[in-house]
file final-v6.pdb (PDB, C-alpha atoms)
MODEL        1
ATOM      1  CA  MET A   1      -7.539 -44.987  10.863
ATOM      2  CA  SER A   2      -4.172 -46.652  11.399
ATOM      3  CA  VAL A   3      -4.905 -48.089  14.860
ATOM      4  CA  SER A   4      -7.868 -50.326  15.556
ATOM      5  CA  VAL A   5     -10.538 -48.753  17.743
ATOM      6  CA  LEU A   6     -10.781 -52.059  19.569
ATOM      7  CA  SER A   7      -7.226 -51.754  20.923
ATOM      8  CA  ASP A   8      -7.202 -48.004  21.663
ATOM      9  CA  PRO A   9      -9.223 -46.909  24.735
ATOM     10  CA  GLN A  10      -9.362 -43.263  23.636
ATOM     11  CA  GLN A  11     -10.584 -44.148  20.156
ATOM     12  CA  MET A  12     -13.091 -46.571  21.677
ATOM     13  CA  LEU A  13     -14.467 -43.835  23.936
ATOM     14  CA  LEU A  14     -14.731 -41.528  20.933
ATOM     15  CA  PHE A  15     -16.534 -44.208  18.920
ATOM     16  CA  VAL A  16     -19.025 -44.877  21.719
ATOM     17  CA  GLY A  17     -19.682 -41.146  22.073
ATOM     18  CA  ALA A  18     -20.173 -40.712  18.334
ATOM     19  CA  SER A  19     -22.535 -43.706  18.241
ATOM     20  CA  ALA A  20     -24.578 -42.342  21.149
ATOM     21  CA  ALA A  21     -24.801 -38.891  19.561
ATOM     22  CA  LEU A  22     -25.952 -40.263  16.210
ATOM     23  CA  VAL A  23     -28.369 -42.801  17.707
ATOM     24  CA  GLY A  24     -29.859 -40.059  19.891
ATOM     25  CA  LEU A  25     -30.906 -37.932  16.915
ATOM     26  CA  PRO A  26     -34.729 -37.943  16.572
ATOM     27  CA  GLY A  27     -35.882 -40.254  13.802
ATOM     28  CA  PRO A  28     -38.495 -42.864  12.834
ATOM     29  CA  ASN A  29     -37.140 -45.488  15.235
ATOM     30  CA  LEU A  30     -37.297 -43.175  18.246
ATOM     31  CA  VAL A  31     -40.800 -42.016  17.313
ATOM     32  CA  TYR A  32     -41.959 -45.609  16.823
ATOM     33  CA  ILE A  33     -40.625 -46.756  20.219
ATOM     34  CA  CYS A  34     -42.140 -43.831  22.107
ATOM     35  CA  THR A  35     -45.449 -44.326  20.306
ATOM     36  CA  ARG A  36     -45.597 -47.974  21.309
ATOM     37  CA  SER A  37     -44.855 -47.085  24.941
ATOM     38  CA  ILE A  38     -47.569 -44.430  24.954
ATOM     39  CA  ALA A  39     -50.143 -46.675  23.261
ATOM     40  CA  GLN A  40     -49.490 -49.970  25.039
ATOM     41  CA  GLY A  41     -47.209 -49.356  28.008
ATOM     42  CA  THR A  42     -43.528 -49.472  28.897
ATOM     43  CA  GLY A  43     -43.211 -53.233  28.385
ATOM     44  CA  ALA A  44     -44.382 -53.016  24.779
ATOM     45  CA  GLY A  45     -42.107 -50.019  24.216
ATOM     46  CA  MET A  46     -39.111 -51.984  25.441
ATOM     47  CA  VAL A  47     -40.007 -54.954  23.247
ATOM     48  CA  SER A  48     -40.322 -52.603  20.280
ATOM     49  CA  ALA A  49     -36.864 -51.211  21.134
ATOM     50  CA  LEU A  50     -35.463 -54.728  21.077
ATOM     51  CA  GLY A  51     -37.104 -55.293  17.692
ATOM     52  CA  VAL A  52     -35.775 -52.011  16.288
ATOM     53  CA  GLU A  53     -32.245 -52.795  17.407
ATOM     54  CA  THR A  54     -32.488 -56.321  16.020
ATOM     55  CA  GLY A  55     -33.136 -54.565  12.726
ATOM     56  CA  THR A  56     -30.091 -52.384  13.416
ATOM     57  CA  LEU A  57     -28.009 -55.514  13.865
ATOM     58  CA  ILE A  58     -29.263 -56.829  10.525
ATOM     59  CA  HIS A  59     -28.176 -53.596   8.815
ATOM     60  CA  ALA A  60     -24.789 -53.806  10.516
ATOM     61  CA  LEU A  61     -24.299 -57.406   9.387
ATOM     62  CA  ALA A  62     -25.279 -56.383   5.864
ATOM     63  CA  THR A  63     -22.576 -53.713   6.009
ATOM     64  CA  ALA A  64     -19.936 -56.098   7.335
ATOM     65  CA  PHE A  65     -20.600 -58.692   4.639
ATOM     66  CA  GLY A  66     -20.885 -56.233   1.747
ATOM     67  CA  VAL A  67     -24.624 -56.602   1.130
ATOM     68  CA  ALA A  68     -25.351 -52.967   2.031
ATOM     69  CA  ALA A  69     -22.792 -51.731  -0.502
ATOM     70  CA  LEU A  70     -24.433 -53.773  -3.254
ATOM     71  CA  VAL A  71     -27.911 -52.467  -2.415
ATOM     72  CA  SER A  72     -26.794 -48.843  -2.077
ATOM     73  CA  ALA A  73     -25.186 -49.000  -5.518
ATOM     74  CA  GLU A  74     -28.580 -49.711  -7.098
ATOM     75  CA  PRO A  75     -30.972 -46.731  -7.011
ATOM     76  CA  ALA A  76     -33.886 -48.991  -7.947
ATOM     77  CA  ALA A  77     -33.172 -51.248  -4.960
ATOM     78  CA  LEU A  78     -33.040 -48.265  -2.592
ATOM     79  CA  LYS A  79     -36.287 -46.895  -4.009
ATOM     80  CA  THR A  80     -37.980 -50.270  -3.652
ATOM     81  CA  LEU A  81     -36.828 -50.578  -0.042
ATOM     82  CA  THR A  82     -38.075 -47.059   0.688
ATOM     83  CA  LEU A  83     -41.507 -47.767  -0.805
ATOM     84  CA  LEU A  84     -41.781 -51.056   1.074
ATOM     85  CA  GLY A  85     -40.999 -49.267   4.332
ATOM     86  CA  ALA A  86     -43.504 -46.502   3.624
ATOM     87  CA  GLY A  87     -46.135 -49.053   2.650
ATOM     88  CA  TYR A  88     -45.611 -50.970   5.878
ATOM     89  CA  LEU A  89     -45.935 -47.791   7.964
ATOM     90  CA  LEU A  90     -49.088 -46.907   6.025
ATOM     91  CA  PHE A  91     -50.482 -50.360   6.833
ATOM     92  CA  LEU A  92     -49.723 -49.859  10.544
ATOM     93  CA  GLY A  93     -51.471 -46.467  10.472
ATOM     94  CA  ILE A  94     -54.603 -47.813   8.795
ATOM     95  CA  ARG A  95     -54.702 -50.770  11.174
ATOM     96  CA  SER A  96     -54.470 -48.415  14.155
ATOM     97  CA  LEU A  97     -57.409 -46.365  12.865
ATOM     98  CA  ALA A  98     -59.497 -49.507  12.477
ATOM     99  CA  GLY A  99     -58.519 -50.872  15.861
ATOM    100  CA  SER A 100     -61.249 -49.747  18.270
ATOM    101  CA  GLY A 101     -64.394 -47.781  18.870
ATOM    102  CA  PRO A 102     -65.352 -44.092  18.584
ATOM    103  CA  PRO A 103     -62.863 -41.427  19.641
ATOM    104  CA  GLY A 104     -64.819 -40.381  22.699
ATOM    105  CA  ASP A 105     -64.819 -43.752  24.444
ATOM    106  CA  SER A 106     -62.452 -44.609  27.280
ATOM    107  CA  ALA A 107     -61.201 -47.919  25.926
ATOM    108  CA  GLN A 108     -57.536 -48.358  25.251
ATOM    109  CA  PRO A 109     -56.388 -49.206  21.745
ATOM    110  CA  ALA A 110     -56.402 -52.946  21.200
ATOM    111  CA  PRO A 111     -53.078 -54.197  22.632
ATOM    112  CA  ARG A 112     -50.667 -55.898  20.276
ATOM    113  CA  ARG A 113     -49.071 -59.183  21.242
ATOM    114  CA  LEU A 114     -45.465 -58.677  22.251
ATOM    115  CA  TRP A 115     -44.232 -60.931  19.462
ATOM    116  CA  SER A 116     -46.099 -58.744  16.964
ATOM    117  CA  VAL A 117     -44.599 -55.623  18.528
ATOM    118  CA  TYR A 118     -41.112 -57.135  18.272
ATOM    119  CA  ARG A 119     -41.641 -58.145  14.648
ATOM    120  CA  GLU A 120     -42.985 -54.702  13.772
ATOM    121  CA  GLY A 121     -39.919 -53.094  15.312
ATOM    122  CA  ILE A 122     -37.634 -55.215  13.151
ATOM    123  CA  LEU A 123     -39.519 -54.388   9.967
ATOM    124  CA  VAL A 124     -39.769 -50.656  10.714
ATOM    125  CA  ASN A 125     -35.976 -50.554  10.934
ATOM    126  CA  VAL A 126     -34.990 -53.076   8.263
ATOM    127  CA  LEU A 127     -37.231 -51.367   5.701
ATOM    128  CA  ASN A 128     -35.606 -47.990   6.387
ATOM    129  CA  PRO A 129     -32.767 -47.605   3.865
ATOM    130  CA  LYS A 130     -31.421 -44.562   5.704
ATOM    131  CA  VAL A 131     -30.282 -46.824   8.545
ATOM    132  CA  MET A 132     -28.413 -49.034   6.087
ATOM    133  CA  LEU A 133     -26.751 -46.002   4.464
ATOM    134  CA  PHE A 134     -25.827 -44.683   7.902
ATOM    135  CA  PHE A 135     -23.959 -47.861   8.769
ATOM    136  CA  LEU A 136     -22.345 -47.972   5.363
ATOM    137  CA  ALA A 137     -20.991 -44.444   5.870
ATOM    138  CA  PHE A 138     -20.234 -44.617   9.606
ATOM    139  CA  LEU A 139     -18.740 -47.982  10.539
ATOM    140  CA  PRO A 140     -15.980 -48.299   7.903
ATOM    141  CA  GLN A 141     -14.453 -45.005   9.091
ATOM    142  CA  TRP A 142     -13.460 -46.725  12.331
ATOM    143  CA  VAL A 143     -11.763 -49.744  10.785
ATOM    144  CA  SER A 144      -7.961 -49.629  10.825
ATOM    145  CA  ARG A 145      -6.491 -48.751   7.431
ATOM    146  CA  ASP A 146      -4.239 -51.780   7.214
ATOM    147  CA  ALA A 147      -7.064 -54.189   8.016
ATOM    148  CA  GLY A 148      -8.145 -56.283   5.079
ATOM    149  CA  GLY A 149     -10.468 -59.158   4.362
ATOM    150  CA  ALA A 150     -11.328 -61.160   7.458
ATOM    151  CA  GLN A 151      -9.761 -58.661   9.884
ATOM    152  CA  ALA A 152     -11.778 -55.764   8.513
ATOM    153  CA  ARG A 153     -14.962 -57.820   8.721
ATOM    154  CA  THR A 154     -14.154 -58.833  12.302
ATOM    155  CA  GLU A 155     -13.631 -55.190  13.279
ATOM    156  CA  LEU A 156     -16.872 -54.183  11.571
ATOM    157  CA  LEU A 157     -18.801 -56.887  13.429
ATOM    158  CA  ALA A 158     -17.278 -55.844  16.766
ATOM    159  CA  LEU A 159     -18.103 -52.184  16.105
ATOM    160  CA  ALA A 160     -21.624 -53.172  15.089
ATOM    161  CA  ALA A 161     -22.071 -55.060  18.371
ATOM    162  CA  ILE A 162     -20.941 -52.001  20.326
ATOM    163  CA  THR A 163     -23.297 -49.722  18.394
ATOM    164  CA  PHE A 164     -26.136 -52.197  18.967
ATOM    165  CA  THR A 165     -25.483 -52.204  22.730
ATOM    166  CA  VAL A 166     -25.345 -48.409  22.938
ATOM    167  CA  ALA A 167     -28.483 -47.981  20.816
ATOM    168  CA  LEU A 168     -30.454 -50.616  22.739
ATOM    169  CA  ALA A 169     -29.587 -49.057  26.108
ATOM    170  CA  MET A 170     -30.686 -45.632  24.871
ATOM    171  CA  ASP A 171     -33.879 -46.951  23.266
ATOM    172  CA  LEU A 172     -34.864 -48.807  26.441
ATOM    173  CA  GLY A 173     -34.444 -45.513  28.283
ATOM    174  CA  TYR A 174     -36.675 -43.737  25.765
ATOM    175  CA  ALA A 175     -39.302 -46.474  26.118
ATOM    176  CA  ALA A 176     -39.283 -46.227  29.915
ATOM    177  CA  THR A 177     -39.504 -42.427  29.843
ATOM    178  CA  ALA A 178     -42.348 -42.369  27.318
ATOM    179  CA  GLY A 179     -44.230 -45.064  29.244
ATOM    180  CA  ALA A 180     -43.905 -43.192  32.542
ATOM    181  CA  LEU A 181     -45.034 -39.952  30.919
ATOM    182  CA  ALA A 182     -48.030 -41.682  29.353
ATOM    183  CA  ARG A 183     -49.098 -43.115  32.728
ATOM    184  CA  ARG A 184     -49.033 -39.679  34.290
ATOM    185  CA  LEU A 185     -51.024 -38.131  31.468
ATOM    186  CA  ARG A 186     -53.619 -40.918  31.596
ATOM    187  CA  GLY A 187     -54.101 -40.316  35.299
ATOM    188  CA  ARG A 188     -54.894 -36.679  34.644
ATOM    189  CA  ALA A 189     -57.007 -37.105  31.509
ATOM    190  CA  ALA A 190     -58.551 -40.559  31.651
ATOM    191  CA  PRO A 191     -61.694 -39.769  29.566
ATOM    192  CA  GLY A 192     -59.572 -39.101  26.475
ATOM    193  CA  ARG A 193     -57.591 -42.319  26.501
ATOM    194  CA  GLY A 194     -59.471 -43.828  23.588
ATOM    195  CA  ARG A 195     -58.035 -41.143  21.324
ATOM    196  CA  ALA A 196     -54.564 -42.624  21.716
ATOM    197  CA  ARG A 197     -55.132 -44.792  18.657
ATOM    198  CA  TYR A 198     -55.574 -41.645  16.558
ATOM    199  CA  LEU A 199     -52.253 -40.353  17.807
ATOM    200  CA  VAL A 200     -50.628 -43.698  16.964
ATOM    201  CA  ALA A 201     -52.172 -43.701  13.485
ATOM    202  CA  LEU A 202     -51.095 -40.094  12.882
ATOM    203  CA  VAL A 203     -47.514 -40.957  13.825
ATOM    204  CA  TYR A 204     -47.404 -43.953  11.487
ATOM    205  CA  LEU A 205     -48.938 -42.016   8.586
ATOM    206  CA  GLY A 206     -46.526 -39.147   9.182
ATOM    207  CA  LEU A 207     -43.560 -41.512   9.154
ATOM    208  CA  ALA A 208     -44.810 -43.083   5.927
ATOM    209  CA  ALA A 209     -45.072 -39.662   4.274
ATOM    210  CA  ALA A 210     -41.621 -38.676   5.527
ATOM    211  CA  ALA A 211     -40.133 -41.904   4.139
ATOM    212  CA  VAL A 212     -41.497 -41.149   0.684
ATOM    213  CA  PHE A 213     -40.872 -37.408   0.423
ATOM    214  CA  SER A 214     -37.685 -36.869   2.431
TER     215      SER A 214
ENDMDL
END
call {"tool": "encode", "arguments": {"input": "final-v6.pdb", "output": "structure tokens"}}
result
Amino acid sequence: MSVSVLSDPQQMLLFVGASAALVGLPGPNLVYICTRSIAQGTGAGMVSALGVETGTLIHALATAFGVAALVSAEPAALKTLTLLGAGYLLFLGIRSLAGSGPPGDSAQPAPRRLWSVYREGILVNVLNPKVMLFFLAFLPQWVSRDAGGAQARTELLALAAITFTVALAMDLGYAATAGALARRLRGRAAPGRGRARYLVALVYLGLAAAAVFS
């Protein structure tokens, strides 16, 4: 790209649209955020969204400073990161299963502290190598061709900040929607609320399996 996206309104609009379309694709982050909203409420879902997008920012910074390229060039490093991510999701699933009483009770799953929810969101995203590879493939396409060194890094950081803002706004919307839907469902089927932890555990275990076998 010969002209910087940052100085071309049409290219900027195209970049924002492309970012929104790619961020909106269903994936582990979206599932995780909606699951947290359903299990613990909209507030926890929004905190998890902030954690997930903090992880996104870390991936973007790794791309801008060349760390992502180094990791992606090493198959063993990618495999290790994938297994760490799957192991963490497996841990979250097992912890959810062990979190409360029998499935027929009406108790809610034990709420997580918001700091823990935020930290989990970061780790779920940082330990997902697909996010890193996405940024490595996506962001450099929008850097002007004649940009080199510091200028290219500055453009990458600016584009990363825009992607972060778009993704966070969309994720907060997903969290609010999932939380509102969960409240309505609880009002209609209150006796089954205790089973929510099994849904949460199933989601985590499914994400762990998808991370390993996809």
call {"tool": "closest_residue", "arguments": {"input": "final-v6.pdb", "among": "A:Val200, A:Leu50, A:Ala150, A:Leu97", "to": "A:Ala167", "atoms": "all atoms listed in the file"}}
result
A:Leu50
call {"tool": "closest_residue", "arguments": {"input": "final-v6.pdb", "among": "A:Thr42, A:Thr56, A:Ser37, A:Ser48", "to": "A:Val126", "atoms": "all atoms listed in the file"}}
result
A:Thr56
call {"tool": "resolve_selection", "arguments": {"input": "final-v6.pdb", "expression": "the PyMOL selection byres ((chain A and resi 64-80) around 7)", "output": "JSON, numbers by chain"}}
result
{"A": [60, 61, 62, 63, 81, 82, 83, 84, 129, 132, 136, 153, 156, 157]}
call {"tool": "atom_distance", "arguments": {"input": "final-v6.pdb", "atom1": "atom CA of A:Val5", "atom2": "atom CA of A:Leu139"}}
result
10.9 Å
call {"tool": "atom_distance", "arguments": {"input": "final-v6.pdb", "atom1": "atom CA of A:Ala182", "atom2": "atom CA of A:Asn128"}}
result
26.9 Å
call {"tool": "resolve_selection", "arguments": {"input": "final-v6.pdb", "expression": "the PyMOL selection byres ((chain A and resi 168) around 10)", "output": "list in words"}}
result
Val23, Met46, Ala49, Leu50, Gly51, Val52, Glu53, Thr54, Thr56, Ile162, Thr163, Phe164, Thr165, Val166, Ala167, Ala169, Met170, Asp171, Leu172, Gly173 and Tyr174 of chain A
call {"tool": "atom_distance", "arguments": {"input": "final-v6.pdb", "atom1": "atom CA of A:Tyr204", "atom2": "atom CA of A:Tyr32"}}
result
7.8 Å
call {"tool": "resolve_selection", "arguments": {"input": "final-v6.pdb", "expression": "the PyMOL selection byres ((chain A and resi 180) around 12)", "output": "PyMOL selection string"}}
result
chain A and resi 34+37-43+45+173-179+181-187
call {"tool": "closest_residue", "arguments": {"input": "final-v6.pdb", "among": "A:Val203, A:Ala44, A:Ala208, A:Ala158", "to": "A:Met12", "atoms": "all atoms listed in the file"}}
result
A:Ala158
call {"tool": "closest_residue", "arguments": {"input": "final-v6.pdb", "among": "A:Thr35, A:Ser144, A:Ser96, A:Asn29", "to": "A:Val124", "atoms": "all atoms listed in the file"}}
result
A:Asn29
call {"tool": "residues_around", "arguments": {"input": "final-v6.pdb", "residues": "A:Leu202", "least_positions_apart": "4", "cutoff": "10 Å", "atoms": "only C-alpha atoms", "output": "PyMOL selection string"}}
result
chain A and resi 90+93-94+96-97+196-198+206-208
call {"tool": "residues_around", "arguments": {"input": "final-v6.pdb", "residues": "A:Val47", "least_positions_apart": "5", "cutoff": "7 Å", "atoms": "all atoms listed in the file", "output": "ChimeraX atom specification"}}
result
/A:114,117-118
call {"tool": "closest_residue", "arguments": {"input": "final-v6.pdb", "among": "A:Val212, A:Leu14, A:Ala161, A:Leu205", "to": "A:Val31", "atoms": "all atoms listed in the file"}}
result
A:Leu205
call {"tool": "residues_around", "arguments": {"input": "final-v6.pdb", "residues": "A:Gly55", "least_positions_apart": "5", "cutoff": "7 Å", "atoms": "only C-alpha atoms", "output": "JSON list (two decimals) with C-alpha atoms, keeping the file's coordinate frame"}}
result
[["chain", "number", "residue", "atom", "x", "y", "z"],
["A", 122, "ILE", "CA", -37.63, -55.22, 13.15],
["A", 123, "LEU", "CA", -39.52, -54.39, 9.97],
["A", 125, "ASN", "CA", -35.98, -50.55, 10.93],
["A", 126, "VAL", "CA", -34.99, -53.08, 8.26]]
call {"tool": "closest_residue", "arguments": {"input": "final-v6.pdb", "among": "A:Arg36, A:Val16, A:Leu30, A:Ala211", "to": "A:Arg113", "atoms": "all atoms listed in the file"}}
result
A:Arg36
call {"tool": "axis_aligned_box", "arguments": {"input": "final-v6.pdb", "around": "stretch 165-180 of chain A", "padding_each_side": "4 Å", "output": "lines of an AutoDock Vina configuration file"}}
result
center_x = -34.8
center_y = -47.3
center_z = 26.7
size_x = 26.9
size_y = 17.8
size_z = 19.7
